[in-house]
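A.B. asks: Next up, structure25.tsv (TSV, C-alpha atoms).
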```tsv
chain	number	residue	atom	x	y	z
V	1	MET	CA	24.91	-14.17	-83.13
V	2	GLN	CA	25.26	-11.37	-80.57
V	3	LYS	CA	23.37	-8.10	-80.68
V	4	LEU	CA	25.17	-4.76	-80.79
V	5	THR	CA	23.32	-2.38	-78.45
V	6	TYR	CA	23.87	1.38	-78.30
V	7	HIS	CA	23.12	1.74	-74.58
V	8	VAL	CA	23.45	5.43	-73.85
V	9	ALA	CA	22.35	8.22	-71.54
V	10	THR	CA	21.05	11.39	-73.14
V	11	SER	CA	19.46	14.62	-72.08
V	12	ILE	CA	15.89	15.28	-73.21
V	13	ASP	CA	17.32	17.59	-75.90
V	14	GLY	CA	19.55	14.82	-77.30
V	15	TYR	CA	23.02	15.44	-75.85
V	16	ILE	CA	25.21	12.71	-74.36
V	17	ALA	CA	27.81	15.10	-72.91
V	18	ARG	CA	28.67	18.75	-72.68
V	19	GLU	CA	30.87	20.33	-75.36
V	20	ASP	CA	33.96	19.58	-73.21
V	21	ASP	CA	32.91	15.88	-72.96
V	22	SER	CA	31.86	16.23	-69.32
V	23	TYR	CA	28.63	14.61	-68.20
V	24	ASP	CA	28.23	16.23	-64.79
V	25	GLY	CA	24.63	17.24	-65.47
V	26	PHE	CA	23.43	13.65	-65.55
V	27	PRO	CA	22.06	12.09	-62.34
V	28	MET	CA	24.73	9.66	-61.08
V	29	ALA	CA	22.70	7.96	-58.37
V	30	GLY	CA	19.34	6.29	-58.25
V	31	ASP	CA	17.52	3.19	-59.33
V	32	HIS	CA	18.41	3.80	-62.99
V	33	VAL	CA	22.13	3.48	-62.14
V	34	ASP	CA	21.52	0.19	-60.33
V	35	ALA	CA	19.67	-1.15	-63.40
V	36	TYR	CA	22.45	0.07	-65.73
V	37	LEU	CA	25.08	-1.79	-63.70
V	38	VAL	CA	23.02	-4.98	-63.89
V	39	HIS	CA	22.66	-4.55	-67.68
V	40	LEU	CA	26.43	-4.02	-68.05
V	41	LYS	CA	27.16	-7.37	-66.42
V	42	ALA	CA	25.19	-9.17	-69.15
V	43	TYR	CA	27.39	-7.98	-72.04
V	44	SER	CA	30.43	-9.94	-73.27
V	45	SER	CA	32.30	-7.09	-74.91
V	46	VAL	CA	32.28	-3.34	-75.35
V	47	VAL	CA	33.17	-1.12	-78.32
V	48	MET	CA	33.82	2.61	-78.16
V	49	GLY	CA	35.49	5.46	-79.95
V	50	ARG	CA	38.61	7.26	-78.78
V	51	VAL	CA	36.76	10.23	-77.27
V	52	THR	CA	34.74	7.94	-75.00
V	53	TYR	CA	37.85	6.00	-73.97
V	54	ASP	CA	39.69	9.27	-73.29
V	55	ILE	CA	37.18	10.18	-70.56
V	56	GLY	CA	38.44	7.33	-68.36
V	57	LEU	CA	42.02	7.62	-69.60
V	58	ARG	CA	42.20	11.21	-68.28
V	59	MET	CA	41.41	9.76	-64.85
V	60	GLY	CA	44.03	7.02	-65.21
V	61	VAL	CA	41.53	4.28	-66.06
V	62	LEU	CA	42.97	1.97	-68.73
V	63	ASP	CA	40.29	-0.71	-68.36
V	64	PRO	CA	36.87	0.86	-67.77
V	65	TYR	CA	35.06	-2.51	-67.96
V	66	PRO	CA	37.49	-5.13	-66.56
V	67	TRP	CA	35.01	-8.01	-66.95
V	68	LEU	CA	34.50	-7.24	-70.67
V	69	GLU	CA	36.61	-7.61	-73.77
V	70	THR	CA	37.14	-3.93	-74.65
V	71	HIS	CA	37.69	-2.61	-78.18
V	72	VAL	CA	38.65	1.03	-78.72
V	73	PHE	CA	38.63	2.50	-82.23
V	74	SER	CA	41.04	5.33	-82.97
V	75	GLU	CA	43.35	6.41	-85.74
V	76	ASN	CA	45.89	8.00	-83.39
V	77	LEU	CA	45.58	6.62	-79.85
V	78	SER	CA	48.66	5.02	-78.36
V	79	VAL	CA	48.58	3.69	-74.82
V	80	PRO	CA	51.57	1.84	-73.43
V	81	ALA	CA	50.97	-1.26	-71.32
V	82	LEU	CA	47.30	-1.86	-72.09
V	83	PRO	CA	45.52	-4.48	-70.00
V	84	LYS	CA	45.21	-7.80	-71.85
V	85	ASN	CA	41.46	-7.45	-72.45
V	86	VAL	CA	41.74	-3.94	-74.03
V	87	SER	CA	42.52	-3.62	-77.74
V	88	ILE	CA	42.99	-0.50	-79.85
V	89	HIS	CA	41.99	-0.72	-83.51
V	90	SER	CA	42.48	1.70	-86.39
V	91	GLY	CA	40.69	1.74	-89.71
V	92	ASP	CA	37.17	0.65	-90.50
V	93	PRO	CA	35.48	-0.73	-87.36
V	94	ALA	CA	32.95	-2.79	-89.35
V	95	PRO	CA	35.07	-5.98	-89.72
V	96	VAL	CA	35.98	-6.07	-86.01
V	97	VAL	CA	32.44	-5.29	-84.84
V	98	GLY	CA	30.99	-7.78	-87.33
V	99	ALA	CA	33.31	-10.50	-86.00
V	100	LEU	CA	32.31	-9.70	-82.41
V	101	LYS	CA	28.64	-9.96	-83.34
V	102	ARG	CA	29.21	-13.37	-84.97
V	103	GLY	CA	30.83	-14.66	-81.79
V	104	GLU	CA	29.25	-16.28	-78.77
V	105	GLY	CA	28.25	-14.29	-75.71
V	106	GLY	CA	25.81	-11.99	-74.03
V	107	GLY	CA	25.96	-9.12	-76.48
V	108	VAL	CA	28.15	-6.23	-77.49
V	109	TYR	CA	27.79	-2.92	-75.65
V	110	LEU	CA	28.29	0.16	-77.81
V	111	ALA	CA	29.48	2.68	-75.22
V	112	GLY	CA	29.76	5.56	-77.65
V	113	GLY	CA	30.26	8.19	-78.54
V	114	GLY	CA	27.72	9.73	-80.84
V	115	ARG	CA	29.85	10.03	-83.97
V	116	PHE	CA	31.09	6.45	-83.57
V	117	ALA	CA	27.56	5.16	-82.91
V	118	ALA	CA	26.27	6.96	-86.01
V	119	SER	CA	28.97	5.34	-88.14
V	120	LEU	CA	27.95	1.89	-86.91
V	121	LEU	CA	24.27	2.69	-87.50
V	122	ARG	CA	25.10	3.74	-91.07
V	123	ALA	CA	27.01	0.46	-91.49
V	124	LYS	CA	23.85	-1.40	-90.35
V	125	LEU	CA	25.66	-3.02	-87.44
V	126	VAL	CA	23.55	-1.71	-84.53
V	127	ASP	CA	20.71	-4.04	-83.54
V	128	GLU	CA	19.16	-2.15	-80.63
V	129	LEU	CA	19.07	1.35	-79.18
V	130	TRP	CA	18.67	1.60	-75.41
V	131	ILE	CA	18.16	5.29	-74.82
V	132	LYS	CA	18.20	6.51	-71.20
V	133	LEU	CA	16.35	9.83	-71.26
V	134	ASN	CA	17.54	11.90	-68.31
V	135	PRO	CA	15.34	14.66	-66.87
V	136	ILE	CA	17.72	17.45	-67.90
V	137	LEU	CA	18.23	19.87	-70.76
V	138	LEU	CA	21.85	20.61	-71.64
V	139	GLY	CA	21.15	23.16	-74.38
V	140	ARG	CA	24.27	22.20	-76.34
V	141	GLY	CA	26.97	19.58	-76.33
V	142	LYS	CA	27.81	16.26	-77.96
V	143	HIS	CA	24.82	14.97	-79.87
V	144	LEU	CA	23.44	11.47	-79.42
V	145	PHE	CA	24.36	10.62	-83.03
V	146	GLY	CA	27.28	13.00	-83.56
V	147	PRO	CA	27.30	16.17	-85.62
V	148	GLU	CA	26.45	14.37	-88.87
V	149	GLY	CA	23.53	12.41	-87.42
V	150	VAL	CA	21.99	9.50	-89.27
V	151	GLU	CA	19.58	9.17	-92.18
V	152	HIS	CA	16.00	7.98	-91.77
V	153	LEU	CA	15.99	4.70	-89.88
V	154	ALA	CA	12.98	2.60	-88.89
V	155	LEU	CA	12.82	1.52	-85.24
V	156	ALA	CA	10.48	-0.86	-83.46
V	157	HIS	CA	9.63	-0.20	-79.83
V	158	ILE	CA	10.65	-3.06	-77.52
V	159	GLU	CA	9.82	-1.68	-74.08
V	160	THR	CA	9.93	1.36	-71.85
V	161	THR	CA	10.97	1.46	-68.20
V	162	THR	CA	10.39	4.50	-66.01
V	163	TYR	CA	12.59	4.77	-62.91
V	164	ARG	CA	11.76	6.59	-59.66
V	165	SER	CA	14.74	8.85	-60.42
V	166	GLY	CA	12.86	10.28	-63.41
V	167	VAL	CA	15.08	8.56	-65.96
V	168	VAL	CA	13.19	6.73	-68.71
V	169	LEU	CA	14.84	3.82	-70.55
V	170	VAL	CA	13.37	3.29	-74.02
V	171	LYS	CA	14.48	0.22	-75.96
V	172	TYR	CA	14.16	-0.01	-79.75
V	173	ALA	CA	15.06	-2.65	-82.31
V	174	VAL	CA	16.77	-1.24	-85.40
V	175	ASN	CA	15.40	-2.31	-88.77
V	176	ASN	CA	18.57	-2.91	-90.79
V	177	ASP	CA	16.81	-4.16	-93.94
```
Now that the file is in, can you turn its structure into structure tokens?

C.D. replies:
Amino acid sequence: MQKLTYHVATSIDGYIAREDDSYDGFPMAGDHVDAYLVHLKAYSSVVMGRVTYDIGLRMGVLDPYPWLETHVFSENLSVPALPKNVSIHSGDPAPVVGALKRGEGGGVYLAGGGRFAASLLRAKLVDELWIKLNPILLGRGKHLFGPEGVEHLALAHIETTTYRSGVVLVKYAVNND
């Protein structure tokens, strides 16, 4: 059984992007980026919503994680000539994500976004939250758990890593009972 991990960067005030989906306020260099790239190599697959996939698509990137099996969830996204390891799904993501979790591998990376992550948390599919707190305040933008948020959810602290860059990675296990 693989774990589904919401591994996400956020500002101290809880935003994962600006209102226009840009993330230019986040530090893009430093020891926290090196660690993130190492963590990415351990996953077997990645799941994301359309808005997250669109960020790369606008730059011409059809396969943001070429070493991973990539699953994009959207009701209206159509991309001709997708790479063989990228799939677009419509409808309820729970059956696809559940099947991925039951498979073999190094884990499933939940790349976002907030609304999509919240839906998977509500479906009790997320096993861990890896929250990278960046030393910035955005003031407004796309919330870590989307506009609807999530209901009360018990978390258990796993570990905390503080990087020289000022980014703090906090890992939590999600109690899905």

A.B. asks: Would you pick out the contacts of Met1 (chain V) at 10 Å or less, using only C-alpha atoms, so that residues sharing its chain but fewer than 6 positions from it are not included, and give the list as a PyMOL selection string?

C.D. replies: chain V and resi 98-107

A.B. asks: Using all atoms listed in the file, which protein or nucleic acid residues come within 10 Å of region 135-152 of chain V? Drop anything in the same chain fewer than 5 positions from it, and give the result as a ChimeraX atom specification.

C.D. replies: /V:8-23,25-27,112-122,165-168

A.B. asks: Name the residues in contact with region 158-162 of chain V at a cut-off of 6 Å, using all atoms listed in the file, excluding same-chain residues fewer than 3 positions from it; report them as a list in words.

C.D. replies: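 Counting only the stated atoms, we get Val168, Leu169, Val170, Lys171 and Tyr172 of chain V.
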
A.B. asks: Quick one: distance from CA of Asn76 (chain V) to CA of Ile55 (chain V) in Å, one decimal?

C.D. replies: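 Computing it gives 15.7 Å between the two atoms.
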
A.B. asks: Kindly give the distance, in Å, that separates CA of Met59 (chain V) and CA of Ala29 (chain V), rounded to a single decimal.

C.D. replies: 19.9 Å

A.B. asks: To one decimal place in Å, what is the distance between CA of Pro83 (chain V) and CA of Leu68 (chain V)?

C.D. replies: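 It comes out at 11.4 Å.
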
A.B. asks: Taking into account only C-alpha atoms, which residue in the set V:Trp130, V:Glu75, V:Arg164, V:Gly60 is nearest to His39 (chain V)?

C.D. replies: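 Nearest candidate to His39 (chain V) out of V:Trp130, V:Glu75, V:Arg164, V:Gly60: V:Trp130.
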
A.B. asks: Which is closer to Ala123 (chain V) than all the others in V:Leu4, V:Val174, V:Ala94, V:Val38, using all atoms listed in the file?

C.D. replies: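 The answer is V:Ala94, which sits nearest to Ala123 (chain V).
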
A.B. asks: When you count all atoms listed in the file, which of these residues is closest to Val47 (chain V): V:Ala35, V:Val97, V:Leu82, V:Met28?

C.D. replies: V:Val97

A.B. asks: Go through V:Arg58, V:Lys124, V:His32, V:His157 and flag the residue nearest Lys3 (chain V), using all atoms listed in the file for the distances.

C.D. replies: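 For Lys3 (chain V), the nearest of the candidates is V:Lys124.
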
A.B. asks: Let me make sure I understand: among V:Asp177, V:Leu40, V:Ser45, V:Tyr163, which one has the smallest atom-to-atom distance to Leu133 (chain V) if we use only C-alpha atoms?

C.D. replies: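 Among V:Asp177, V:Leu40, V:Ser45, V:Tyr163, it is V:Tyr163 that comes nearest to Leu133 (chain V).
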